[in-house]
Amino acid sequence: MTDIIKKEGAESGDFRSDNHFLLGYFEEKDGALYYRYDAERVIVEPWGENSLRVRASKMPEMPQELWALEGNPKKTDSKVTIHEYSAEITNGKIRAVINNIGKLFFYNQKGELLLEEYVRNREDMFADTTSSLEVEAREFKPIIGGDYELTMRFVSNPKEKLYGMGQYQQDFLNIKGAELELAHRNSQASVPFALSSLGYGFLWNNPAIGRVSFNKNITTWQVQSTKKLDYWITAGDTPAEIEEAYADATGKVPMMPEYGLGFWQCKLRYQTQEELLEVAREYKRRGIPLDVIVVDFFHWPKQGDWRFDPTYWPDPDAMIKELKEMGIELMVSVWPMVDYKSENFDEMKAKGLLTRVEKGVRIDNTYMGNTIQFDSTNPEAREYVWEKIKKNYYDKGVKIFWLDEAEPEYTVYDFENYRYHLGPNVQVGNVYPVMYAQAFFDGMKKEGQENIVNLLRCAWAGSQKYGALVWSGDIHSTFESLQNQFAAGLNMGIAGIPWWTTDIGGFFGANIYDESYHEVFVRWFEYGAFCPVMRLHGYRMPYQPQFGTTGGAECVSGAPNEIWSYGDQVYEICKKYISIRETMRPYTRELMREAHEKGTPVMRPLFYDFPEDTVCWENEKEYMYGPNILVAPVMERGEKTKEVYLPAGTRWTNVWTKEAFEGGQTVTVATPLDQIPLFTREGYTLEV
């Protein structure tokens, strides 16, 4: 690129050329590089160390929403240089060049090309050959009577590997070649940050509904309706450097509270106060450590009442007091749905606190009633809901909430039919779970609580700073589903969500008396011990008899889901892994501190800790739980042995056999039912 720059120091208004090509107008303003041509305005500005934010719009003024980005980024020694036919901005290890027709190129400090926009235009004097295709990189297609459909195209490097982008139910880690929906659904969380093996990280900072295709020839980002293009890009020498820059830009998790480090017990669903207490007492009688127990959905009279149903939960204050005396925290499920029959519906509708529909009846979900979501994008709605929560749960001693249905979930996913306080769902919908988490985080913070964590079924970029612990949704109880969660958890960590968990054993489709399912359950439980949060949950068969037909009892409940519910062999294995989890508590606490201070994923692909080992970039069967524990979960039925690659550059010890191995080789390990393959890095010992 430097070979075709003609001269420096040209006037910023000098945008004519001897060849009479149409040229844009370059300008420096407040340390940022501005470009404009016709109606389009482009701003490239420093946004943290080694990072740039790019915005483009055809609106009269550039929209100012920060979306996932934190305000007031750290000041850096960036430099803007304007040439005759191009301009560039350098910020630490990243440099962006924009040419005469507005095409952008990004380089690292070594001069290596990281990313370039895909343009095919006869007026591109920097192209190797002219083209008659006439394809724009940034295509703002007007919506008649509205804003713009946006398409953003980049040249694709077919050798590149990409990771992150959130949680999709697929069994591969490298998402190069994948097409992903930029939208949330139950078990799908679109968190649009990708880490590249070429040495950059890319955040699509736009909450609109759309798609991205990481194709071999072109990478295409597309959204249905928006006012601007907005993305953030950073360069780094290691995955850790890139990840930490992203955390600086979008925020970091709080410090995980102590009760987040141990074992959590949950099922769908404890029907009464006494049933839940008896489970907690049984864990205590058996001497099994338990940090959290959960009151799941439909413990309320109607959706949107946000309180205990007094018929089945007559004295929640006494229940919470007894649990705390046992050293157990109570987590309570909260849904955003408001039933037309709820005691709060009329007031919330009158005050404009509910989401709306563009046409048809104002209902977006029909599960156990006709409901509409509260509008988390409306500050007044967030405050209203929190005040109900504070009065009915928080003031009683509940300090951790399960914010379910956080996508939010619709009975019909017609995204274009829903409208929020901040705009139509197709423009802003993906920000809903962020602001759902914010409603509770802000309320709890106001009460003086530190180390806030709440469980959510969805997230978008920036959710982490509001204490979001994300789980992978209502997934099936099979080995195939377990393989999907393996990829989902690692890509969520890379996407900047370090707190992640699954329903151990899966959610749907398992009978507790089915011995073939016991193998799935055990292998999942072993894997769960090495997830950021170890949480047992599921909708087990056979159904339990209902306690009544009114209020919360209208909803059925699944079979018992405690660790003793699956027979003696399963019970003994589960006890062993809860004990291992307790042994790791000091280690896990330090991992949570790193996540809090630097944004480090708790669980991560091998390449994160061993980026120089090329084999690690290919491995999709193992992961690191922190820097010192290598985990190779068994994810296939009947697997008696497993091939495990040990990264180069250190020695490794098999936790079960105590055998030591040099890194850089593949070893075969036995996988009896009670053993998940585990290796520790030289200098660290895990007692089992």
# chains A, B, ... in the order shown; residues from 1 in each chain; ligands from 1
$ residues_around --residues "region 242-248 of chain A" --least-positions-apart "5" --cutoff "9 Å" --atoms "only C-alpha atoms" --output "MDAnalysis selection string"
chainID A and resid 48:51 70 73:74 193 195 199:203 232:237 253 462 494:496 598:601
$ select_by_dssp --residues "region 80-227 of chain A" --states "strand (DSSP E)" --output "PyMOL selection string"
chain A and resi 80-82+86-91+94-99+104-108+113-116+138-142+148-155+162-167+179-182+189-196+200-204+210-214+218-226
$ residues_around --residues "region 502-513 of chain A" --least-positions-apart "3" --cutoff "7 Å" --atoms "only C-alpha atoms" --output "list in words"
Trp471, Ser472, Asp474, Ile475, His476, Ser477, Tyr517, Val520, Phe521, Trp524, Phe525, Gly528, Arg535, Leu536, His537, Gly538, Tyr539, Arg540, Met541, Pro542 and Tyr566 of chain A
$ residues_around --residues "Leu69 (chain A)" --least-positions-apart "5" --cutoff "9 Å" --atoms "only C-alpha atoms" --output "PyMOL selection string"
chain A and resi 205+232+249-251+461-462
$ write_last_selection --atoms "N, CA and C atoms" --output "PDB file, in the first residue's frame"
ATOM      1  N   ASN A 205     -20.690  -3.870  15.903  1.00  0.00           N
ATOM      2  CA  ASN A 205     -21.337  -3.113  16.982  1.00  0.00           C
ATOM      3  C   ASN A 205     -22.691  -2.586  16.527  1.00  0.00           C
ATOM      4  N   TRP A 232     -15.776  -2.285  15.403  1.00  0.00           N
ATOM      5  CA  TRP A 232     -14.562  -2.022  16.163  1.00  0.00           C
ATOM      6  C   TRP A 232     -13.566  -3.118  15.832  1.00  0.00           C
ATOM      7  N   ALA A 249     -12.723  -2.568  25.858  1.00  0.00           N
ATOM      8  CA  ALA A 249     -13.640  -1.771  25.029  1.00  0.00           C
ATOM      9  C   ALA A 249     -15.103  -1.962  25.413  1.00  0.00           C
ATOM     10  N   THR A 250     -15.480  -3.164  25.890  1.00  0.00           N
ATOM     11  CA  THR A 250     -16.897  -3.460  26.113  1.00  0.00           C
ATOM     12  C   THR A 250     -17.247  -3.723  27.570  1.00  0.00           C
ATOM     13  N   GLY A 251     -16.253  -3.820  28.440  1.00  0.00           N
ATOM     14  CA  GLY A 251     -16.526  -4.008  29.860  1.00  0.00           C
ATOM     15  C   GLY A 251     -16.168  -5.402  30.337  1.00  0.00           C
ATOM     16  N   ALA A 461     -23.096  -8.547  22.967  1.00  0.00           N
ATOM     17  CA  ALA A 461     -21.829  -7.912  23.328  1.00  0.00           C
ATOM     18  C   ALA A 461     -22.060  -6.873  24.429  1.00  0.00           C
ATOM     19  N   GLY A 462     -21.273  -6.955  25.486  1.00  0.00           N
ATOM     20  CA  GLY A 462     -21.406  -6.044  26.617  1.00  0.00           C
ATOM     21  C   GLY A 462     -22.210  -6.587  27.771  1.00  0.00           C
TER      22      GLY A 462
END
$ residues_around --residues "region 550-554 of chain A" --least-positions-apart "2" --cutoff "8 Å" --atoms "only C-alpha atoms" --output "PyMOL selection string"
chain A and resi 271+298-302+309+546-548+556
$ closest_atom_pairs --of "region 423-504 of chain A" --to "region 155-171 of chain A" --cutoff "6 Å" --atoms "only C-alpha atoms" --output "JSON lines"
{"residue": "A:Gln483", "atom": "CA", "partner": "A:Asp171", "partner_atom": "CA", "distance": 5.5}
{"residue": "A:Asn484", "atom": "CA", "partner": "A:Asp171", "partner_atom": "CA", "distance": 4.3}
{"residue": "A:Ala487", "atom": "CA", "partner": "A:Asp171", "partner_atom": "CA", "distance": 5.8}
{"residue": "A:Ala488", "atom": "CA", "partner": "A:Gln167", "partner_atom": "CA", "distance": 4.7}
{"residue": "A:Asn491", "atom": "CA", "partner": "A:Gly164", "partner_atom": "CA", "distance": 4.1}
{"residue": "A:Met492", "atom": "CA", "partner": "A:Gly166", "partner_atom": "CA", "distance": 4.5}
{"residue": "A:Ile494", "atom": "CA", "partner": "A:Gly164", "partner_atom": "CA", "distance": 4.8}
{"residue": "A:Ala495", "atom": "CA", "partner": "A:Gly164", "partner_atom": "CA", "distance": 4.5}
